[in-house]
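Pasting data-v9.csv here (CSV, C-alpha atoms and all ligand atoms):
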chain,number,residue,atom,x,y,z
A,1,MET,CA,0.0,0.0,0.0
A,2,VAL,CA,1.2,3.5,-0.9
A,3,THR,CA,1.6,5.8,2.1
A,4,LEU,CA,-0.3,9.1,2.5
A,5,ALA,CA,2.8,11.2,2.1
A,6,GLU,CA,4.0,9.2,-1.0
A,7,GLY,CA,0.5,9.1,-2.6
A,8,PHE,CA,0.0,12.9,-2.3
A,9,LYS,CA,3.6,13.9,-3.0
A,10,GLN,CA,2.7,15.7,-6.2
A,11,ASP,CA,-0.3,17.3,-4.6
A,12,PHE,CA,0.5,18.7,-1.2
A,13,LEU,CA,2.2,17.9,2.1
A,14,ILE,CA,0.4,15.6,4.5
A,15,GLY,CA,0.8,16.6,8.1
A,16,ALA,CA,-0.1,15.5,11.6
A,17,ALA,CA,-0.3,17.3,14.9
A,18,VAL,CA,1.9,15.6,17.5
A,19,ASN,CA,2.9,16.0,21.1
A,20,THR,CA,5.9,14.7,23.1
A,21,ARG,CA,4.1,11.5,23.9
A,22,THR,CA,2.8,10.7,20.4
A,23,ILE,CA,6.2,11.1,18.8
A,24,ASN,CA,7.0,7.9,20.7
A,25,THR,CA,3.6,6.1,20.8
A,26,GLN,CA,2.9,6.8,17.1
A,27,ARG,CA,6.5,7.0,15.9
A,28,LYS,CA,6.3,4.4,13.2
A,29,LEU,CA,3.0,5.7,11.8
A,30,LEU,CA,4.3,9.3,11.7
A,31,LYS,CA,7.5,8.3,10.1
A,32,GLU,CA,5.7,6.3,7.4
A,33,HIS,CA,2.7,8.3,6.4
A,34,TYR,CA,3.3,12.0,7.2
A,35,ASN,CA,5.9,14.4,5.8
A,36,SER,CA,4.9,17.4,8.0
A,37,LEU,CA,4.4,17.9,11.7
A,38,THR,CA,2.7,20.5,13.9
A,39,ALA,CA,3.2,20.7,17.7
A,40,GLU,CA,-0.3,20.3,19.2
A,41,ASN,CA,0.4,22.5,22.2
A,42,GLU,CA,4.1,22.7,22.8
A,43,MET,CA,4.7,25.9,20.9
A,44,LYS,CA,1.8,27.9,22.4
A,45,PHE,CA,2.6,31.0,24.4
A,46,GLU,CA,1.7,29.5,27.9
A,47,ARG,CA,3.9,26.5,27.2
A,48,LEU,CA,7.0,28.4,25.9
A,49,HIS,CA,6.8,31.5,28.1
A,50,PRO,CA,5.0,30.9,31.3
A,51,THR,CA,6.4,34.0,33.2
A,52,GLU,CA,7.9,37.1,31.8
A,53,HIS,CA,11.5,36.2,32.2
A,54,LEU,CA,11.3,32.5,31.7
A,55,TYR,CA,11.2,30.5,28.4
A,56,THR,CA,10.6,26.7,28.5
A,57,PHE,CA,11.7,25.3,25.2
A,58,GLU,CA,12.4,21.6,26.2
A,59,GLU,CA,9.3,20.0,24.8
A,60,ALA,CA,9.1,22.1,21.7
A,61,ASP,CA,12.8,21.3,21.1
A,62,GLN,CA,12.0,17.6,21.3
A,63,ILE,CA,9.4,18.0,18.6
A,64,ALA,CA,11.7,20.1,16.4
A,65,ALA,CA,14.4,17.5,16.8
A,66,PHE,CA,12.1,14.7,15.9
A,67,ALA,CA,11.1,16.6,12.7
A,68,ARG,CA,14.7,17.3,11.8
A,69,GLU,CA,16.0,13.8,12.4
A,70,ASN,CA,13.2,12.3,10.3
A,71,GLY,CA,13.3,14.8,7.5
A,72,LYS,CA,9.8,16.2,8.2
A,73,LYS,CA,8.6,19.7,7.5
A,74,LEU,CA,7.5,21.6,10.6
A,75,ARG,CA,4.7,24.1,11.0
A,76,GLY,CA,4.9,26.6,13.9
A,77,HIS,CA,1.7,26.8,16.0
A,78,THR,CA,0.9,29.5,17.2
A,79,LEU,CA,2.3,32.9,18.2
A,80,VAL,CA,-0.7,35.1,19.0
A,81,TRP,CA,-3.9,33.6,20.2
A,82,HIS,CA,-6.6,34.5,22.8
A,83,ASN,CA,-6.3,31.1,24.4
A,84,GLN,CA,-3.4,29.4,26.2
A,85,THR,CA,-1.7,32.7,26.8
A,86,PRO,CA,-0.7,33.5,30.3
A,87,ASP,CA,-2.3,36.4,32.2
A,88,TRP,CA,1.0,38.1,33.0
A,89,VAL,CA,1.2,39.3,29.3
A,90,PHE,CA,-1.7,41.6,29.9
A,91,GLU,CA,-1.1,42.7,33.5
A,92,ASP,CA,1.0,45.5,35.0
A,93,ALA,CA,3.1,45.1,38.2
A,94,ASN,CA,0.1,45.7,40.4
A,95,GLY,CA,-2.2,43.2,38.7
A,96,GLY,CA,-4.1,45.9,36.8
A,97,ALA,CA,-4.3,46.0,33.0
A,98,ALA,CA,-1.0,46.7,31.2
A,99,ASP,CA,-1.0,49.5,28.6
A,100,ARG,CA,-0.7,49.2,24.9
A,101,GLU,CA,3.0,49.8,24.7
A,102,THR,CA,3.8,47.2,27.3
A,103,VAL,CA,1.7,44.5,25.7
A,104,LEU,CA,3.0,45.3,22.2
A,105,ALA,CA,6.6,45.2,23.5
A,106,ARG,CA,5.9,41.8,25.2
A,107,MET,CA,4.4,40.4,22.0
A,108,LYS,CA,7.4,41.6,20.0
A,109,SER,CA,10.0,40.0,22.3
A,110,HIS,CA,8.0,36.8,22.5
A,111,ILE,CA,7.8,36.5,18.7
A,112,GLU,CA,11.4,37.5,18.2
A,113,GLU,CA,12.7,34.9,20.7
A,114,VAL,CA,10.5,32.0,19.4
A,115,VAL,CA,10.7,32.6,15.7
A,116,THR,CA,14.4,33.2,15.8
A,117,ARG,CA,15.0,30.0,17.8
A,118,TYR,CA,13.3,27.8,15.2
A,119,ARG,CA,14.3,29.8,12.2
A,120,ASN,CA,16.1,26.8,10.6
A,121,ASP,CA,13.4,24.3,11.6
A,122,ILE,CA,10.0,25.9,10.9
A,123,TYR,CA,9.1,26.8,7.4
A,124,CYS,CA,5.7,28.2,8.1
A,125,TRP,CA,4.0,29.9,11.2
A,126,ASP,CA,0.5,30.3,12.3
A,127,VAL,CA,1.2,33.9,13.4
A,128,VAL,CA,-2.3,34.8,14.5
A,129,ASN,CA,-4.9,32.2,15.5
A,130,GLU,CA,-8.7,32.8,15.7
A,131,ALA,CA,-8.9,36.6,15.8
A,132,ILE,CA,-12.3,36.7,14.1
A,133,SER,CA,-15.6,36.7,16.1
A,134,ASP,CA,-18.3,34.0,15.7
A,135,GLU,CA,-20.9,36.5,16.9
A,136,ASP,CA,-23.3,38.1,14.4
A,137,GLY,CA,-22.5,41.8,13.8
A,138,GLU,CA,-19.1,41.5,15.5
A,139,TRP,CA,-15.9,41.5,13.3
A,140,LEU,CA,-12.9,40.9,15.5
A,141,ARG,CA,-13.0,38.7,18.6
A,142,PRO,CA,-12.9,40.9,21.8
A,143,SER,CA,-9.7,39.4,23.1
A,144,LYS,CA,-7.2,40.9,25.5
A,145,TRP,CA,-4.8,41.4,22.5
A,146,LEU,CA,-7.5,43.5,20.8
A,147,GLN,CA,-8.5,45.3,24.0
A,148,THR,CA,-5.0,46.4,25.0
A,149,ILE,CA,-3.2,46.9,21.7
A,150,GLY,CA,-6.1,47.7,19.3
A,151,GLU,CA,-6.8,46.3,15.9
A,152,ASP,CA,-3.3,46.7,14.7
A,153,PHE,CA,-2.1,43.8,16.9
A,154,ILE,CA,-2.6,41.5,14.0
A,155,ALA,CA,-0.6,43.4,11.4
A,156,GLU,CA,2.1,44.1,14.1
A,157,ALA,CA,2.4,40.3,14.9
A,158,PHE,CA,3.0,39.6,11.2
A,159,ARG,CA,5.6,42.3,10.9
A,160,PHE,CA,7.5,41.0,14.0
A,161,ALA,CA,7.5,37.5,12.7
A,162,HIS,CA,8.7,38.6,9.3
A,163,GLN,CA,11.6,40.5,10.8
A,164,SER,CA,12.6,37.5,12.8
A,165,SER,CA,12.5,35.0,9.9
A,166,PRO,CA,12.1,36.7,6.5
A,167,GLU,CA,12.0,33.3,4.7
A,168,ALA,CA,9.2,31.8,6.8
A,169,LEU,CA,5.7,31.6,5.4
A,170,LEU,CA,3.3,33.5,7.6
A,171,PHE,CA,-0.3,32.3,8.0
A,172,TYR,CA,-3.5,33.5,9.5
A,173,ASN,CA,-5.4,30.5,10.9
A,174,ASP,CA,-9.1,30.1,12.0
A,175,TYR,CA,-12.0,27.6,12.5
A,176,ASN,CA,-15.6,27.7,11.1
A,177,GLU,CA,-13.7,29.0,8.2
A,178,CYS,CA,-16.2,27.7,5.6
A,179,HIS,CA,-19.2,29.3,7.3
A,180,PRO,CA,-20.3,32.0,4.8
A,181,VAL,CA,-20.6,34.8,7.3
A,182,LYS,CA,-17.3,34.1,9.1
A,183,ARG,CA,-15.6,33.4,5.8
A,184,GLU,CA,-16.4,37.0,4.7
A,185,LYS,CA,-15.1,38.4,8.0
A,186,ILE,CA,-11.8,36.4,7.5
A,187,TYR,CA,-11.6,37.6,3.9
A,188,ARG,CA,-12.1,41.2,5.0
A,189,LEU,CA,-9.4,40.9,7.6
A,190,ILE,CA,-6.8,39.4,5.3
A,191,LYS,CA,-7.6,41.9,2.5
A,192,SER,CA,-7.2,44.8,4.9
A,193,LEU,CA,-3.8,43.3,6.1
A,194,LEU,CA,-2.6,42.9,2.5
A,195,ASP,CA,-3.8,46.5,1.7
A,196,GLN,CA,-1.7,47.8,4.6
A,197,GLY,CA,1.3,45.8,3.2
A,198,ALA,CA,1.5,43.4,6.1
A,199,PRO,CA,3.5,40.2,5.3
A,200,VAL,CA,0.7,37.7,5.2
A,201,HIS,CA,1.4,34.7,2.9
A,202,GLY,CA,-1.4,32.3,3.6
A,203,ILE,CA,-4.6,31.3,5.2
A,204,GLY,CA,-5.0,28.2,7.4
A,205,LEU,CA,-8.4,26.5,7.3
A,206,GLN,CA,-8.5,24.5,10.5
A,207,ALA,CA,-11.1,22.1,9.1
A,208,HIS,CA,-12.5,20.7,12.4
A,209,TRP,CA,-15.5,19.3,10.4
A,210,ASN,CA,-18.0,16.5,10.9
A,211,ILE,CA,-19.8,13.9,8.8
A,212,PHE,CA,-22.6,16.4,8.0
A,213,ASP,CA,-21.1,19.9,8.1
A,214,PRO,CA,-19.8,22.0,6.3
A,215,SER,CA,-21.2,21.2,2.9
A,216,LEU,CA,-18.9,20.6,0.0
A,217,ASN,CA,-20.2,23.8,-1.7
A,218,GLU,CA,-19.3,25.8,1.3
A,219,ILE,CA,-15.8,24.4,1.4
A,220,ARG,CA,-15.4,25.1,-2.3
A,221,ASP,CA,-16.7,28.6,-2.0
A,222,ALA,CA,-14.3,29.3,0.9
A,223,ILE,CA,-11.3,28.0,-1.0
A,224,GLU,CA,-12.2,30.1,-4.0
A,225,ARG,CA,-12.8,33.2,-1.9
A,226,TYR,CA,-9.5,33.0,0.0
A,227,ALA,CA,-7.5,32.0,-3.0
A,228,SER,CA,-8.8,35.1,-4.8
A,229,LEU,CA,-6.6,37.1,-2.4
A,230,GLY,CA,-3.6,35.5,-4.2
A,231,LEU,CA,-2.4,33.6,-1.1
A,232,LYS,CA,-1.5,30.0,-0.4
A,233,LEU,CA,-3.9,28.0,1.6
A,234,GLN,CA,-3.4,25.1,3.9
A,235,ILE,CA,-5.7,22.7,5.7
A,236,THR,CA,-4.2,23.0,9.2
A,237,GLU,CA,-6.1,21.0,11.8
A,238,MET,CA,-8.3,18.5,9.9
A,239,ASP,CA,-10.5,16.0,11.7
A,240,VAL,CA,-14.0,14.7,10.7
A,241,SER,CA,-16.1,14.0,13.8
A,242,VAL,CA,-18.6,11.1,13.5
A,243,PHE,CA,-21.1,13.1,15.5
A,244,ALA,CA,-23.4,15.8,14.3
A,245,PHE,CA,-22.9,19.1,16.2
A,246,ASN,CA,-26.0,18.5,18.3
A,247,ASP,CA,-25.5,14.8,18.8
A,248,ARG,CA,-24.7,14.3,22.6
A,249,ARG,CA,-24.8,10.4,22.6
A,250,THR,CA,-22.3,8.8,25.0
A,251,ASP,CA,-23.3,5.2,24.6
A,252,LEU,CA,-21.3,4.2,21.5
A,253,THR,CA,-18.2,2.0,21.9
A,254,SER,CA,-17.5,2.1,18.1
A,255,PRO,CA,-18.9,4.2,15.2
A,256,THR,CA,-22.1,3.0,13.6
A,257,LEU,CA,-22.1,1.6,10.1
A,258,GLU,CA,-23.8,4.8,8.9
A,259,MET,CA,-21.2,7.0,10.6
A,260,ILE,CA,-18.4,4.9,8.9
A,261,ARG,CA,-20.2,5.2,5.5
A,262,LEU,CA,-20.6,8.9,5.8
A,263,GLN,CA,-17.1,9.5,7.0
A,264,GLU,CA,-15.7,7.6,4.1
A,265,GLU,CA,-17.9,9.4,1.6
A,266,ARG,CA,-17.1,12.8,3.0
A,267,TYR,CA,-13.3,12.3,3.3
A,268,GLU,CA,-13.2,11.0,-0.3
A,269,GLN,CA,-15.1,14.1,-1.5
A,270,PHE,CA,-12.8,16.4,0.5
A,271,PHE,CA,-9.7,15.0,-1.0
A,272,ARG,CA,-11.1,15.1,-4.5
A,273,LEU,CA,-11.8,18.8,-3.9
A,274,PHE,CA,-8.4,19.4,-2.3
A,275,CYS,CA,-6.6,17.8,-5.3
A,276,GLU,CA,-8.6,20.1,-7.7
A,277,TYR,CA,-7.0,23.0,-5.8
A,278,ARG,CA,-3.5,21.6,-5.5
A,279,ASP,CA,-2.0,24.7,-7.1
A,280,VAL,CA,-3.1,26.9,-4.1
A,281,LEU,CA,-3.4,24.2,-1.4
A,282,THR,CA,0.1,23.4,-0.2
A,283,ALA,CA,-0.5,21.1,2.8
A,284,VAL,CA,-3.2,19.1,4.5
A,285,THR,CA,-2.5,18.6,8.2
A,286,PHE,CA,-4.6,16.3,10.4
A,287,TRP,CA,-5.1,17.2,14.1
A,288,GLY,CA,-3.7,13.9,15.2
A,289,ALA,CA,-2.4,10.8,13.4
A,290,ALA,CA,-4.7,7.9,14.6
A,291,ASP,CA,-7.9,7.4,16.6
A,292,ASP,CA,-6.0,6.2,19.7
A,293,TYR,CA,-5.4,9.9,20.5
A,294,THR,CA,-7.7,12.7,19.5
A,295,TRP,CA,-8.6,15.9,21.3
A,296,LEU,CA,-12.2,15.1,20.4
A,297,ASP,CA,-12.3,12.3,23.0
A,298,HIS,CA,-14.4,13.8,25.8
A,299,PHE,CA,-14.8,17.1,23.9
A,300,PRO,CA,-17.2,18.7,23.8
A,301,VAL,CA,-19.1,15.8,25.3
A,302,GLN,CA,-17.6,14.3,28.5
A,303,GLY,CA,-17.3,10.5,28.5
A,304,ARG,CA,-17.6,10.2,24.7
A,305,LYS,CA,-15.0,8.7,22.3
A,306,ASN,CA,-14.7,9.9,18.8
A,307,TRP,CA,-13.1,8.4,15.7
A,308,PRO,CA,-12.2,11.3,13.4
A,309,LEU,CA,-9.0,10.3,11.7
A,310,LEU,CA,-7.7,7.9,9.0
A,311,PHE,CA,-6.1,5.3,11.2
A,312,ASP,CA,-7.9,3.3,14.0
A,313,THR,CA,-7.2,3.0,17.7
A,314,GLU,CA,-4.6,0.3,16.9
A,315,GLN,CA,-3.0,2.7,14.4
A,316,GLN,CA,-4.1,0.5,11.5
A,317,PRO,CA,-5.5,1.8,8.3
A,318,LYS,CA,-9.3,2.4,8.3
A,319,GLY,CA,-11.4,1.9,5.2
A,320,VAL,CA,-11.5,5.7,4.9
A,321,LEU,CA,-7.7,5.8,4.3
A,322,HIS,CA,-8.2,3.8,1.1
A,323,LYS,CA,-10.9,6.2,0.0
A,324,VAL,CA,-8.7,9.2,0.6
A,325,LEU,CA,-5.7,7.5,-1.2
A,326,SER,CA,-7.9,6.8,-4.2
A,327,GLN,CA,-7.8,10.6,-4.8
A,328,ALA,CA,-4.0,10.9,-4.6
A,329,GLY,CA,-2.0,12.2,-7.6
A,330,THR,CA,0.3,9.3,-7.8
A,331,VAL,CA,-2.6,6.8,-7.7
A,332,ARG,CA,-4.6,8.7,-10.3
A,333,GLU,CA,-1.5,8.7,-12.5
A,334,SER,CA,-0.9,4.9,-12.2
A,335,GLU,CA,-4.5,4.3,-13.1
A,336,VAL,CA,-4.1,6.3,-16.3
A,337,LYS,CA,-1.0,4.3,-17.3
A,401,LIG,C1,-7.8,25.2,18.0
A,401,LIG,C2,-6.4,25.5,18.1
A,401,LIG,C3,-5.6,24.2,18.3
A,401,LIG,C4,-6.2,23.3,19.2
A,401,LIG,C5,-7.6,23.0,18.9
A,401,LIG,C6,-8.2,22.1,19.9
A,401,LIG,O1,-8.2,24.8,16.8
A,401,LIG,O2,-5.9,26.2,17.0
A,401,LIG,O3,-4.3,24.6,18.7
A,401,LIG,O4,-6.1,23.8,20.5
A,401,LIG,O5,-8.3,24.2,18.9
A,401,LIG,O6,-7.4,21.1,20.2
Could you write out this file's structure as structure tokens?
Ligand code: GLA
Amino acid sequence: MVTLAEGFKQDFLIGAAVNTRTINTQRKLLKEHYNSLTAENEMKFERLHPTEHLYTFEEADQIAAFARENGKKLRGHTLVWHNQTPDWVFEDANGGAADRETVLARMKSHIEEVVTRYRNDIYCWDVVNEAISDEDGEWLRPSKWLQTIGEDFIAEAFRFAHQSSPEALLFYNDYNECHPVKREKIYRLIKSLLDQGAPVHGIGLQAHWNIFDPSLNEIRDAIERYASLGLKLQITEMDVSVFAFNDRRTDLTSPTLEMIRLQEERYEQFFRLFCEYRDVLTAVTFWGAADDYTWLDHFPVQGRKNWPLLFDTEQQPKGVLHKVLSQAGTVRESEVK
């Protein structure tokens, strides 16, 4: 059987999110099937920079070393986000709110330190994650970054990252990215950044999808719309939950046959579409490598397992893997011959 990375080598990179545990427990699978890695949590602000004068790079370094030693590409995730960022960033010495200049200077020194450290390892950074609001009638998310620095925190983050690693590709990354209303808000943000001359090179579509949602047309429209900005696109955190958004069942010990059928059908459609857009789509990264470890276990429903990836809990190929591989460039080519 051809591997994922090999099958899609003419199309795009195939990535997986990893952590310091899974680079051991899933080592063989990662080495074989994936040619790109993203640290699931280890490069987030709170993990790298828990207090103002302390950086903790050990775990991120382990992941960078694993990528280097195995010839994998590495995506950086993530520099500026409203979540998993420590409170000290936004506080003054008395525990009150820090002012704009202080927070901006902290953001700058954090980005400089981190991006410079991994300059030779990371080819692409998620510079700003999830800055758009999900609320109707609200454009930017009311985060502490926005409240203390103002709207230009986003453009500034891209400038600092570019100064620290001029060769790195800089991405804006978000979820619900195919939802038409949010899509237009993301489009508006990136267009305004480009109009200001901010160094933005790509948009990351997280792609935390499920077996019903979003529709194929919504995905196509989002790809078309973002690509019209002249940027590269990546699928950055893909998983396809077997539960509908409102399904709260906790009694299943394995996916139903209908869930399996729909997941296979949907993944095949997604990859057919991705291959159509292989000129703008440069990587597809899954948020995990196999169903033995997924952030969707117990989230958002406590006590519920999920099966959103292409390999099973034993890290063996699922039927859906073959559906996905049937769309791969090298496989299409061998069928033509
Ligand atoms: C978002 C973040 C990721 C991760 C997932 C949930 O999509 O970008 O880093 O935290 O949520 O695991």
Determine, counting only C-alpha atoms, which protein, DNA and RNA residues have an atom within 12 Å of an atom of Asp61 (chain A); residues of the same chain fewer than 2 positions away are not included. Present the result as a CSV table (one decimal) with C-alpha atoms, keeping the file's coordinate frame.
chain,number,residue,atom,x,y,z
A,19,ASN,CA,2.9,16.0,21.1
A,20,THR,CA,5.9,14.7,23.1
A,39,ALA,CA,3.2,20.7,17.7
A,42,GLU,CA,4.1,22.7,22.8
A,43,MET,CA,4.7,25.9,20.9
A,47,ARG,CA,3.9,26.5,27.2
A,48,LEU,CA,7.0,28.4,25.9
A,55,TYR,CA,11.2,30.5,28.4
A,56,THR,CA,10.6,26.7,28.5
A,57,PHE,CA,11.7,25.3,25.2
A,58,GLU,CA,12.4,21.6,26.2
A,59,GLU,CA,9.3,20.0,24.8
A,63,ILE,CA,9.4,18.0,18.6
A,64,ALA,CA,11.7,20.1,16.4
A,65,ALA,CA,14.4,17.5,16.8
A,66,PHE,CA,12.1,14.7,15.9
A,67,ALA,CA,11.1,16.6,12.7
A,68,ARG,CA,14.7,17.3,11.8
A,69,GLU,CA,16.0,13.8,12.4
A,74,LEU,CA,7.5,21.6,10.6
A,76,GLY,CA,4.9,26.6,13.9
A,114,VAL,CA,10.5,32.0,19.4
A,117,ARG,CA,15.0,30.0,17.8
A,118,TYR,CA,13.3,27.8,15.2
A,121,ASP,CA,13.4,24.3,11.6
A,122,ILE,CA,10.0,25.9,10.9
Exercise for the section: Identify, counting all atoms listed in the file, the protein, DNA and RNA residues located within 10 Å of ligand LIG 401 (chain A), and give them as a PyMOL selection string. Expected result: chain A and resi 17+38-44+77-78+81+83-84+126+128-130+173-176+204-208+236-238+287-288+294-296+299
Might you pull out every residue within 10 Å of Lys31 (chain A), with all atoms listed in the file counted and same-chain residues fewer than 2 positions away left off, and present them as a PyMOL selection string? chain A and resi 5+23+26-29+33-36+66-67+70-72
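For the set A:Glu46, A:Ala161, A:Glu151, A:Ile219, the residue with the smallest atom-to-atom gap to Ser192 (chain A) is A:Glu151, counting all atoms listed in the file.
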Need the shell around region 316-327 of chain A: protein/DNA/RNA residues with any atom at most 10 Å away, counting all atoms listed in the file. Skip same-chain ones fewer than 5 positions apart. Format as JSON, numbers by chain? {"A": [1, 2, 3, 4, 5, 6, 7, 8, 29, 260, 261, 262, 263, 264, 265, 266, 267, 268, 269, 270, 271, 272, 273, 274, 275, 276, 290, 291, 309, 310, 311, 332, 335]}
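The space between CA of Asn210 (chain A) and CA of Val18 (chain A) spans 21.0 Å.
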Closest of A:Leu193, A:Leu252, A:Val103, A:Val242 to Gly150 (chain A), counting all atoms listed in the file, is A:Val103
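The space between CA of Thr253 (chain A) and CA of Phe286 (chain A) spans 22.8 Å.
If you measure from each of A:Val89, A:Ile186, A:Cys178, A:Ala168 to Pro214 (chain A) using only C-alpha atoms, the closest one turns out to be A:Cys178.
For the residues A:Pro308, A:Gly95, A:Gly202, A:Pro50, ranking by smallest atom-to-atom distance to Asp292 (chain A) using all atoms listed in the file places A:Pro308 first.
Across A:Arg278, A:Lys108, A:Arg183, A:Arg248, the tightest approach to Gly329 (chain A) is made by A:Arg278 when counting only C-alpha atoms.
Of the listed residues (A:Lys305, A:Arg119, A:Lys73, A:His49), A:His49 comes nearest to Pro86 (chain A); the distances count all atoms listed in the file.
Straight-line separation from CA of Ile14 (chain A) to CA of Thr282 (chain A): 9.1 Å.
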**Item:** Residue contacts of Asp279 (chain A) (12 Å, only C-alpha atoms) excluding same-chain residues fewer than 6 positions away, as number ranges by chain
**Value:** A: 10-12, 223-224, 227, 230-234, 273
(request) In the coordinates of the file, take the point (-21.4, 7.5, 17.8) and a cut-off of 12 Å; then, counting all atoms listed in the file, name each qualifying protein, DNA or RNA residue as a PyMOL selection string. (result) chain A and resi 210-211+241-260+263+297+301+303-308
